[in-house]
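A quick write-up on the structure given underneath.
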Amino acid sequence: MRAHLHEPLPGNQEEHWKGFFNGERNAKYFAGFVGLLIEEVRTDYARMRLPYRPELNQPAGVVHGGAIATLIDTVVVPAVGSAYPQVPIMLTIDMQLRYLGAARERDLIAEGWITRRGKSTVFCQAEVRDSEGELIAEGWHVYRVIPPKVG
């Protein structure tokens with residue numbers, strides 16, 4: 001786990017992000033539909049869980065790669081957004097994935113972190129492990145960020 005490498009968020013920002021992903025607001029977005037849950041947010045870091053359910057499987061009996069890709073793409077969102085007082089517009093420009101193992105009937109836990117932050121471009125990395133700790137997938141992202149207008 002990489003959480004200890006990142007500073008806690010000031011004030012109630014972590015609760016804001018947990019509410020953004022875990023509350024009713026998330027239910028109407030794709031991440032909520034898939035069932036993603038945020039567990040921790042720190043400065044430039046986030047951890048999310050995808051609870052296992054059979055509907056996520058593909059015919060071979062393993063979790064569908066698209067569900068894993070969704071987890072990888074989404075876990076970096078709070079990490080990217082942690083630098084802003086309000087949620088910015090965040091757009092995936094590039095994402096690369098590497099599947100390293102099969103996920104079978106276990107929750108998946110993803111960690112996402114920032115590797116470099118520019119003015120409007122943010123580079124991120126993510127890992128997905130199953131609940132037993134086996135590395136399932138890795139991802140690398142480039143996000144475009146449009147900060148919220150102040151005033």
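Please note that chains go A, B, ... in the order of the structure tokens, that every chain numbers its residues from 1, and that ligands are numbered from 1 in the order shown.
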Worksheet item: Neighbours of Thr43 of chain A within 12 Å (only C-alpha atoms; same-chain residues fewer than 3 positions away dropped), as a VMD selection string?
Response: chain A and resid 2 to 11 13 to 14 17 40 46 to 47 76 to 84 112 to 115 117
Worksheet item: Which residues come within 9 Å of Thr92 of chain A, counting only C-alpha atoms, excluding same-chain residues fewer than 4 positions away, as a VMD selection string?
Response: chain A and resid 73 141 to 145
File of the preceding selection, all heavy atoms, as a compact mmCIF listing (two decimals), in the first residue's frame:
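Done, and the output landed in again_26.txt:
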```txt
# COMPACT_ATOMS: atom_id res chain seq x y z
N ASP A 73 -9.06 3.34 -14.49
CA ASP A 73 -9.31 4.69 -15.00
C ASP A 73 -9.92 5.59 -13.92
O ASP A 73 -9.64 6.78 -13.88
CB ASP A 73 -10.24 4.63 -16.21
CG ASP A 73 -10.31 5.93 -16.98
OD1 ASP A 73 -9.31 6.68 -17.01
OD2 ASP A 73 -11.37 6.20 -17.57
N HIS A 141 -1.68 6.64 -17.05
CA HIS A 141 -2.65 7.58 -17.59
C HIS A 141 -2.04 8.94 -17.85
O HIS A 141 -1.11 9.34 -17.16
CB HIS A 141 -3.78 7.87 -16.59
CG HIS A 141 -4.39 6.68 -15.98
ND1 HIS A 141 -3.79 5.92 -15.02
CD2 HIS A 141 -5.60 6.13 -16.17
CE1 HIS A 141 -4.59 4.96 -14.65
NE2 HIS A 141 -5.69 5.05 -15.33
N VAL A 142 -2.67 9.64 -18.77
CA VAL A 142 -2.47 11.07 -18.92
C VAL A 142 -3.86 11.69 -18.89
O VAL A 142 -4.76 11.27 -19.63
CB VAL A 142 -1.77 11.43 -20.26
CG1 VAL A 142 -1.58 12.93 -20.36
CG2 VAL A 142 -0.44 10.68 -20.39
N TYR A 143 -4.05 12.64 -17.98
CA TYR A 143 -5.33 13.31 -17.81
C TYR A 143 -5.17 14.78 -18.18
O TYR A 143 -4.16 15.39 -17.87
CB TYR A 143 -5.80 13.25 -16.35
CG TYR A 143 -6.75 12.12 -16.07
CD1 TYR A 143 -6.29 10.81 -15.98
CD2 TYR A 143 -8.10 12.35 -15.90
CE1 TYR A 143 -7.16 9.78 -15.71
CE2 TYR A 143 -8.97 11.32 -15.63
CZ TYR A 143 -8.50 10.04 -15.53
OH TYR A 143 -9.36 9.02 -15.29
N ARG A 144 -6.18 15.33 -18.81
CA ARG A 144 -6.28 16.76 -19.04
C ARG A 144 -7.20 17.31 -17.96
O ARG A 144 -8.26 16.75 -17.70
CB ARG A 144 -6.87 17.09 -20.40
CG ARG A 144 -7.08 18.59 -20.59
CD ARG A 144 -6.85 19.01 -22.02
NE ARG A 144 -6.70 20.46 -22.10
CZ ARG A 144 -7.71 21.31 -22.17
NH1 ARG A 144 -8.95 20.88 -22.15
NH2 ARG A 144 -7.48 22.60 -22.26
N VAL A 145 -6.76 18.38 -17.31
CA VAL A 145 -7.53 18.95 -16.21
C VAL A 145 -7.90 20.40 -16.55
O VAL A 145 -7.03 21.18 -16.97
CB VAL A 145 -6.73 18.94 -14.90
CG1 VAL A 145 -7.51 19.54 -13.76
CG2 VAL A 145 -6.32 17.51 -14.57
```
Practice prompt. Just list the residues in segment 5-149 of chain A DSSP gives strand (DSSP E or B) on the backbone, as a PyMOL selection string.
Written response: chain A and resi 8+37-42+45-50+57+63+89-99+108-117+121-130+135-146
Discussion item. So that I can check the surroundings of Val150 of chain A, please list as an NGL selection string every protein, DNA and RNA residue that reaches within 12 Å of it, counting only C-alpha atoms and ignoring chain neighbours fewer than 6 positions away.
Written reply: :A and (84-88)
Worksheet item: Which residue out of A:Leu50, A:Met1, A:Ile89, A:Leu37 has the minimum interatomic distance to Val63 of chain A when only C-alpha atoms are used?
Response: A:Leu50
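Comparing A:Glu15, A:Glu55, A:Asp44, A:Glu138 by their smallest distance to Val122 of chain A, the closest is A:Asp44 (using only C-alpha atoms).
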Do you know which residues are at most 10 Å from Val34 of chain A counting only C-alpha atoms, after dropping those on the same chain fewer than 5 positions away, and could you put them as an mmCIF file with C-alpha atoms, in the first residue's frame?
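Listing of around_0.cif after writing:
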```
data_model
loop_
_atom_site.group_PDB
_atom_site.id
_atom_site.type_symbol
_atom_site.label_atom_id
_atom_site.label_comp_id
_atom_site.auth_asym_id
_atom_site.auth_seq_id
_atom_site.Cartn_x
_atom_site.Cartn_y
_atom_site.Cartn_z
ATOM 1 C CA ALA A 27 -25.286 6.094 -8.424
ATOM 2 C CA TYR A 29 -22.649 7.761 -13.037
ATOM 3 C CA LEU A 50 -14.617 -3.093 -6.730
ATOM 4 C CA PRO A 51 -16.646 -5.596 -4.682
ATOM 5 C CA GLU A 55 -22.301 -10.120 -13.014
ATOM 6 C CA LEU A 56 -18.763 -8.741 -13.485
ATOM 7 C CA ALA A 67 -14.468 -3.762 -15.285
ATOM 8 C CA THR A 70 -12.880 1.044 -15.356
ATOM 9 C CA LEU A 71 -11.374 0.623 -11.893
#
```
Worksheet entry | All alpha helix (DSSP H) residues (DSSP, backbone) inside chain A, as number ranges by chain | A: 13-22, 24-27, 30-34, 65-81
Discussion item. So, with only C-alpha atoms as the atoms that count, which of A:Gly32, A:Gly19, A:Gly139, A:Pro147 lies closest to Gln96 of chain A?
Written reply: A:Gly139
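Note that atom CA of Leu100 of chain A and atom CA of Glu132 of chain A are 14.7 Å apart.
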